[in-house]
$ cat work_17.cif   # mmCIF, C-alpha atoms and all ligand atoms
data_start
loop_
_atom_site.label_atom_id
_atom_site.label_comp_id
_atom_site.auth_asym_id
_atom_site.auth_seq_id
_atom_site.Cartn_x
_atom_site.Cartn_y
_atom_site.Cartn_z
CA MET A 274 -184.92 116.40 12.21
CA ALA A 275 -181.99 118.21 13.81
CA LEU A 276 -178.62 116.51 13.29
CA LEU A 277 -177.97 116.05 17.01
CA GLU A 278 -181.36 114.43 17.42
CA THR A 279 -180.64 112.08 14.52
CA VAL A 280 -177.24 111.13 15.97
CA VAL A 281 -178.69 110.46 19.45
CA ILE A 282 -181.52 108.32 18.06
CA ALA A 283 -179.11 106.39 15.82
CA PHE A 284 -176.73 105.70 18.71
CA TRP A 285 -179.53 104.76 21.13
CA ALA A 286 -181.30 102.53 18.61
CA MET A 287 -178.04 100.73 17.77
CA LEU A 288 -176.80 100.16 21.33
CA PRO A 289 -178.34 96.63 21.52
CA ALA A 290 -176.35 95.84 18.35
CA TYR A 291 -173.13 97.49 19.55
CA VAL A 292 -172.75 95.82 22.93
CA PRO A 293 -172.85 92.13 21.80
CA ASN A 294 -169.40 92.32 20.16
CA ASN A 295 -167.83 93.71 23.30
CA ALA A 296 -169.63 91.24 25.55
CA ALA A 297 -168.44 88.39 23.31
CA VAL A 298 -164.84 89.53 23.70
CA LEU A 299 -165.20 89.56 27.49
CA ALA A 300 -167.07 86.23 27.71
CA GLY A 301 -165.49 84.36 24.80
CA GLY A 302 -163.77 81.01 25.11
CA GLY A 303 -164.71 77.38 25.21
CA ARG A 304 -166.12 75.38 22.37
CA PRO A 305 -165.91 77.00 18.93
CA ILE A 306 -169.19 77.10 16.96
CA ASP A 307 -167.63 75.20 14.07
CA GLY A 308 -166.46 72.46 16.47
CA GLY A 309 -163.01 72.65 14.88
CA ARG A 310 -164.32 71.62 11.47
CA THR A 311 -162.66 72.73 8.27
CA TRP A 312 -163.91 73.46 4.77
CA GLY A 313 -161.20 72.56 2.32
CA ASP A 314 -157.99 73.27 4.21
CA LYS A 315 -159.41 76.15 6.25
CA ARG A 316 -161.54 76.35 9.37
CA VAL A 317 -165.24 77.03 8.74
CA LEU A 318 -165.29 79.89 11.29
CA GLY A 319 -162.24 79.51 13.53
CA ASP A 320 -161.60 79.54 17.28
CA GLY A 321 -162.62 83.20 17.58
CA LYS A 322 -166.35 82.36 17.28
CA THR A 323 -167.49 80.44 20.34
CA TRP A 324 -170.88 79.37 21.68
CA ARG A 325 -170.24 81.12 24.97
CA GLY A 326 -169.18 84.40 23.38
CA THR A 327 -172.15 84.37 21.00
CA ALA A 328 -174.70 83.54 23.72
CA ALA A 329 -173.23 86.17 26.07
CA GLY A 330 -173.27 88.73 23.26
CA ILE A 331 -176.94 88.16 22.44
CA ALA A 332 -177.87 88.12 26.16
CA ALA A 333 -176.01 91.39 26.73
CA GLY A 334 -177.77 93.04 23.79
CA LEU A 335 -181.19 91.89 25.03
CA ALA A 336 -180.45 92.98 28.60
CA LEU A 337 -179.29 96.41 27.46
CA ALA A 338 -182.41 96.82 25.31
CA ALA A 339 -184.57 96.01 28.35
CA ILE A 340 -182.70 98.53 30.53
CA LEU A 341 -182.88 101.27 27.88
CA THR A 342 -186.60 100.62 27.48
CA LEU A 343 -187.11 101.23 31.21
CA LEU A 344 -185.26 104.54 30.86
CA VAL A 345 -187.05 105.74 27.72
CA ASP A 346 -189.53 108.11 29.39
CA ASP A 347 -186.96 109.83 31.59
CA VAL A 348 -184.38 110.14 28.83
CA SER A 349 -186.93 111.41 26.30
CA ALA A 350 -188.21 114.00 28.79
CA THR A 351 -184.67 115.16 29.55
CA LEU A 352 -183.67 115.38 25.89
CA GLY A 353 -186.90 117.00 24.73
CA PHE A 354 -187.44 114.43 21.96
CA ALA A 355 -188.39 110.76 21.90
CA VAL A 356 -185.87 107.92 21.83
CA PRO A 357 -187.09 104.42 20.98
CA ALA A 358 -188.36 101.82 23.41
CA PHE A 359 -187.29 98.36 22.21
CA GLU A 360 -189.93 95.83 21.33
CA PRO A 361 -188.70 92.30 22.15
CA LEU A 362 -188.43 91.35 18.48
CA ALA A 363 -186.55 94.55 17.66
CA ALA A 364 -184.10 93.83 20.48
CA LEU A 365 -183.68 90.28 19.21
CA GLY A 366 -183.07 91.44 15.63
CA LEU A 367 -180.44 93.93 16.73
CA ALA A 368 -178.60 91.66 19.19
CA ALA A 369 -178.79 88.37 17.29
CA GLY A 370 -178.21 90.15 13.96
CA ALA A 371 -175.01 91.70 15.31
CA MET A 372 -173.64 88.31 16.35
CA LEU A 373 -174.77 86.66 13.12
CA GLY A 374 -173.04 89.40 11.11
CA ASP A 375 -169.84 88.83 13.07
CA VAL A 376 -170.03 85.07 12.47
CA LEU A 377 -170.69 85.55 8.74
CA ALA A 378 -167.73 87.93 8.56
CA SER A 379 -165.46 85.26 10.06
CA PHE A 380 -166.81 82.77 7.53
CA LEU A 381 -165.84 85.24 4.76
CA LYS A 382 -162.45 85.86 6.36
CA ARG A 383 -161.64 82.14 6.40
CA ARG A 384 -162.79 81.67 2.80
CA THR A 385 -160.52 84.54 1.71
CA GLY A 386 -157.54 83.00 3.51
CA ARG A 387 -157.44 85.36 6.48
CA GLN A 388 -156.25 83.81 9.74
CA ARG A 389 -158.12 84.29 13.00
CA GLY A 390 -157.62 87.87 14.15
CA ALA A 391 -156.63 89.14 10.69
CA MET A 392 -157.95 92.54 9.70
CA PHE A 393 -160.69 92.82 7.09
CA PRO A 394 -161.19 96.57 6.60
CA GLY A 395 -164.80 97.59 6.08
CA VAL A 396 -166.17 94.18 6.99
CA ASP A 397 -164.81 94.35 10.57
CA GLN A 398 -166.48 97.72 11.09
CA LEU A 399 -169.85 97.13 9.47
CA ASP A 400 -170.53 93.37 9.55
CA PHE A 401 -172.98 93.67 12.44
CA VAL A 402 -174.85 96.60 10.86
CA ILE A 403 -175.25 94.79 7.55
CA VAL A 404 -177.05 91.87 9.22
CA SER A 405 -178.72 93.46 12.27
CA LEU A 406 -180.63 96.13 10.32
CA PRO A 407 -182.23 93.79 7.74
CA LEU A 408 -182.98 91.19 10.43
CA THR A 409 -184.65 93.84 12.60
CA ALA A 410 -186.59 95.13 9.59
CA LEU A 411 -187.80 91.56 9.06
CA LEU A 412 -188.68 90.77 12.70
CA ALA A 413 -190.07 94.16 13.77
CA THR A 414 -191.03 95.90 10.53
CA GLU A 415 -193.22 98.69 11.90
CA TRP A 416 -190.79 99.53 14.68
CA PHE A 417 -187.91 99.56 12.21
CA LEU A 418 -189.71 101.85 9.75
CA GLU A 419 -190.66 104.23 12.55
CA TRP A 420 -187.12 104.67 13.89
CA PHE A 421 -184.70 103.77 11.13
CA THR A 422 -185.48 106.58 8.73
CA TRP A 423 -182.96 107.19 5.96
CA ASP A 424 -181.16 109.92 7.86
CA VAL A 425 -180.80 107.63 10.90
CA ILE A 426 -179.45 104.83 8.69
CA LEU A 427 -176.94 107.23 7.12
CA VAL A 428 -175.73 108.32 10.56
CA VAL A 429 -175.43 104.65 11.63
CA VAL A 430 -173.29 103.83 8.59
CA VAL A 431 -170.97 106.79 9.28
CA LEU A 432 -170.93 106.61 13.09
CA THR A 433 -170.53 102.85 13.51
CA PRO A 434 -167.02 102.53 12.00
CA VAL A 435 -165.82 105.47 14.13
CA LEU A 436 -167.23 103.93 17.33
CA HIS A 437 -165.95 100.48 16.35
CA VAL A 438 -162.39 101.65 15.80
CA THR A 439 -162.44 103.69 19.03
CA THR A 440 -163.80 100.92 21.28
CA ASN A 441 -161.47 98.30 19.80
CA VAL A 442 -158.38 100.46 20.30
CA ILE A 443 -159.46 101.02 23.92
CA ALA A 444 -160.13 97.28 24.43
CA TYR A 445 -156.69 96.51 22.94
CA LYS A 446 -154.93 99.03 25.19
CA LEU A 447 -156.73 97.58 28.22
CA GLY A 448 -155.44 94.14 27.22
CA LEU A 449 -158.93 92.77 26.59
CA LYS A 450 -158.40 92.19 22.87
CA ASP A 451 -155.45 90.73 20.97
CA GLU A 452 -155.63 93.17 18.07
CA PRO A 453 -156.72 96.81 17.86
CA TRP A 454 -159.44 96.08 15.22
N1 LIG B 1 -165.68 85.97 20.56
C1 LIG B 1 -166.40 84.80 20.81
N2 LIG B 1 -167.53 84.50 20.10
C2 LIG B 1 -167.99 85.36 19.15
C3 LIG B 1 -167.28 86.56 18.87
C4 LIG B 1 -166.12 86.82 19.60
O1 LIG B 1 -166.01 84.01 21.67
N3 LIG B 1 -169.14 85.06 18.49
C5 LIG B 1 -164.47 86.26 21.34
C6 LIG B 1 -163.30 85.38 20.94
O2 LIG B 1 -162.52 85.13 22.08
C7 LIG B 1 -162.56 86.26 19.94
C8 LIG B 1 -162.71 87.64 20.55
O3 LIG B 1 -164.02 87.62 21.13
O4 LIG B 1 -161.21 85.90 19.78
C9 LIG B 1 -162.57 88.78 19.56
O5 LIG B 1 -163.62 88.75 18.61
P1 LIG B 1 -163.35 88.93 17.05
O6 LIG B 1 -162.39 90.04 16.82
O7 LIG B 1 -164.66 88.97 16.39
O8 LIG B 1 -162.68 87.51 16.69
P2 LIG B 1 -161.22 87.13 16.15
O9 LIG B 1 -160.52 86.34 17.22
O10 LIG B 1 -160.55 88.34 15.61
O11 LIG B 1 -161.53 86.11 14.99
P3 LIG B 1 -161.99 86.40 13.49
O12 LIG B 1 -160.75 86.56 12.70
O13 LIG B 1 -162.76 85.19 13.13
O14 LIG B 1 -162.84 87.63 13.52
MG MG B 2 -160.85 90.33 15.51
K K B 3 -165.30 90.84 14.23
#

$ encode --input "work_17.cif" --output "structure tokens"
Amino acid sequence: MALLETVVIAFWAMLPAYVPNNAAVLAGGGRPIDGGRTWGDKRVLGDGKTWRGTAAGIAAGLALAAILTLLVDDVSATLGFAVPAFEPLAALGLAAGAMLGDVLASFLKRRTGRQRGAMFPGVDQLDFVIVSLPLTALLATEWFLEWFTWDVILVVVVLTPVLHVTTNVIAYKLGLKDEPW
């Protein structure tokens, strides 16, 4: 597969996992998932993980997957190669997996003494990939094996941190996020 083709497929296939984080930032607030509870002397997850942000993030990922699926034929024809349509379970694995990865990362941050908003290099950039890909493989195995070939996975692992850093710096400069990571 040509490199450009691999990059486009990787980006397209990951969009339903990329958008939940950004939607959560825009929609976040209200009741924290951990209800304010602590484990030892630290919060279980912290005020940065809310029910509203999480629900909005998953909904945004599912909505984007549905829109992309409607566009698949036109985009594939224009590009000259096929991009994936999202099966409902694939969309769910990507969107819910992204939010679950983010929540698990906050759990790890609190256990390692990091305050809300603290940087956790590596984890911040890849938490949603580490959970969304295995969850999608579990929920939509055939779809996953068809699209997430090893070269696509490699591109995802390289491309995601670059996109993550870029979008977060932009969100920070626009005043949407408190920190640029
Ligand atoms: N957010 C949310 N619910 C989520 C994820 C994010 O409400 N599941 C919102 C919160 O307002 C959060 C903001 O998006 O403050 C930025 O997200 P993130 O950087 O993941 O959270 P942090 O506040 O940095 O907290 P943490 O240190 O736990 O990552
Ligand atoms: Mg943060
Ligand atoms: K995060």

$ residues_near_ligand --input "work_17.cif" --ligand "ligand MG 2 (chain B)" --cutoff "10 Å" --atoms "only C-alpha atoms and all ligand atoms" --output "ChimeraX atom specification"
/A:294,298,321-322,375,379,388-393,397,441,450-454

$ closest_residue --input "work_17.cif" --among "A:Pro289, A:Pro357, A:Pro305, A:Gly334" --to "ligand LIG 1 (chain B)" --atoms "only C-alpha atoms and all ligand atoms"
A:Pro305

$ residues_around --input "work_17.cif" --residues "region 407-413 of chain A" --least-positions-apart "3" --cutoff "9 Å" --atoms "all atoms listed in the file" --output "ChimeraX atom specification"
/A:360-367,369-370,402-404,416-418,421

$ axis_aligned_box --input "work_17.cif" --around "ligand LIG 1 (chain B)" --padding-each-side "3 Å" --output "AutoDock Vina command-line options"
--center_x -164.8 --center_y 87.0 --center_z 17.4 --size_x 14.6 --size_y 12.0 --size_z 15.4

$ atom_distance --input "work_17.cif" --atom1 "CA of Leu377 (chain A)" --atom2 "CA of Leu406 (chain A)"
14.6 Å

$ closest_residue --input "work_17.cif" --among "A:Val425, A:Thr439, A:Ala350, A:Lys315" --to "Leu276 (chain A)" --atoms "only C-alpha atoms"
A:Val425

$ atom_distance --input "work_17.cif" --atom1 "CA of Val280 (chain A)" --atom2 "CA of Val428 (chain A)"
6.3 Å

$ residues_around --input "work_17.cif" --residues "Val292 (chain A)" --least-positions-apart "6" --cutoff "12 Å" --atoms "only C-alpha atoms" --output "ChimeraX atom specification"
/A:284-286,298-299,326-327,329-338,364,367-372,401,433,436-437,440-441

$ atom_distance --input "work_17.cif" --atom1 "atom N1 of ligand LIG 1 (chain B)" --atom2 "CA of Arg325 (chain A)"
8.0 Å

$ residues_near_point --input "work_17.cif" --point "(-160.4, 77.1, 24.1)" --cutoff "10 Å" --atoms "all atoms listed in the file" --output "list in words"
Gly301, Gly302, Gly303, Arg304, Pro305, Asp320, Gly321 and Thr323 of chain A

$ closest_residue --input "work_17.cif" --among "A:Lys446, A:Trp420, A:Gly353, A:Gln398" --to "ligand K 3 (chain B)" --atoms "all atoms listed in the file"
A:Gln398

$ residues_around --input "work_17.cif" --residues "Val348 (chain A)" --least-positions-apart "4" --cutoff "12 Å" --atoms "only C-alpha atoms" --output "ChimeraX atom specification"
/A:281-282,285,340-344,352-358

$ decode --input "work_17.cif" --residues "region 331-407 of chain A" --atoms "C-alpha atoms" --output "tab-separated table (two decimals), in the first residue's frame"
chain	number	residue	atom	x	y	z
A	331	ILE	CA	-18.90	9.29	22.85
A	332	ALA	CA	-21.91	10.88	21.10
A	333	ALA	CA	-19.61	13.06	18.98
A	334	GLY	CA	-17.51	10.05	17.97
A	335	LEU	CA	-20.61	8.05	16.99
A	336	ALA	CA	-22.11	10.99	15.09
A	337	LEU	CA	-18.88	11.56	13.18
A	338	ALA	CA	-18.65	7.86	12.32
A	339	ALA	CA	-22.20	8.00	10.92
A	340	ILE	CA	-21.42	11.09	8.84
A	341	LEU	CA	-18.16	9.62	7.49
A	342	THR	CA	-20.01	6.42	6.59
A	343	LEU	CA	-22.47	8.43	4.48
A	344	LEU	CA	-19.52	10.02	2.66
A	345	VAL	CA	-17.55	6.81	2.08
A	346	ASP	CA	-18.54	6.21	-1.55
A	347	ASP	CA	-17.89	9.77	-2.69
A	348	VAL	CA	-14.61	10.07	-0.82
A	349	SER	CA	-13.38	6.67	-2.00
A	350	ALA	CA	-14.24	7.54	-5.61
A	351	THR	CA	-12.46	10.88	-5.35
A	352	LEU	CA	-9.35	9.39	-3.74
A	353	GLY	CA	-9.19	6.36	-6.01
A	354	PHE	CA	-8.96	3.92	-3.09
A	355	ALA	CA	-11.41	2.72	-0.45
A	356	VAL	CA	-11.74	4.30	2.99
A	357	PRO	CA	-13.67	2.41	5.67
A	358	ALA	CA	-17.38	2.65	6.37
A	359	PHE	CA	-17.97	2.33	10.13
A	360	GLU	CA	-20.02	-0.55	11.42
A	361	PRO	CA	-21.96	0.50	14.54
A	362	LEU	CA	-19.84	-1.70	16.82
A	363	ALA	CA	-16.62	-0.38	15.28
A	364	ALA	CA	-17.79	3.19	15.86
A	365	LEU	CA	-18.69	2.31	19.44
A	366	GLY	CA	-15.30	0.68	20.09
A	367	LEU	CA	-13.43	3.68	18.74
A	368	ALA	CA	-15.51	6.38	20.48
A	369	ALA	CA	-16.12	4.67	23.82
A	370	GLY	CA	-12.58	3.24	23.84
A	371	ALA	CA	-11.14	6.73	23.42
A	372	MET	CA	-13.08	8.05	26.40
A	373	LEU	CA	-12.32	4.97	28.49
A	374	GLY	CA	-8.60	5.36	27.72
A	375	ASP	CA	-8.75	8.99	28.82
A	376	VAL	CA	-10.51	8.03	32.06
A	377	LEU	CA	-8.00	5.25	32.78
A	378	ALA	CA	-5.16	7.70	32.14
A	379	SER	CA	-6.61	10.08	34.75
A	380	PHE	CA	-6.88	7.17	37.17
A	381	LEU	CA	-3.16	6.47	36.59
A	382	LYS	CA	-2.31	10.16	36.92
A	383	ARG	CA	-4.02	10.38	40.31
A	384	ARG	CA	-2.35	7.19	41.56
A	385	THR	CA	1.06	8.59	40.56
A	386	GLY	CA	0.38	11.84	42.43
A	387	ARG	CA	-0.31	14.05	39.42
A	388	GLN	CA	-2.84	16.83	39.98
A	389	ARG	CA	-5.69	17.47	37.57
A	390	GLY	CA	-4.26	18.99	34.41
A	391	ALA	CA	-0.71	17.74	35.07
A	392	MET	CA	1.22	16.49	32.08
A	393	PHE	CA	1.88	12.78	31.66
A	394	PRO	CA	4.06	12.52	28.53
A	395	GLY	CA	3.28	9.53	26.35
A	396	VAL	CA	0.12	8.64	28.24
A	397	ASP	CA	-1.61	11.95	27.34
A	398	GLN	CA	-0.88	11.38	23.66
A	399	LEU	CA	-1.69	7.70	23.32
A	400	ASP	CA	-4.15	6.78	26.10
A	401	PHE	CA	-7.12	6.73	23.73
A	402	VAL	CA	-5.29	4.64	21.10
A	403	ILE	CA	-4.22	2.05	23.67
A	404	VAL	CA	-7.83	1.37	24.68
A	405	SER	CA	-9.83	2.17	21.53
A	406	LEU	CA	-7.91	-0.21	19.24
A	407	PRO	CA	-8.20	-3.33	21.45
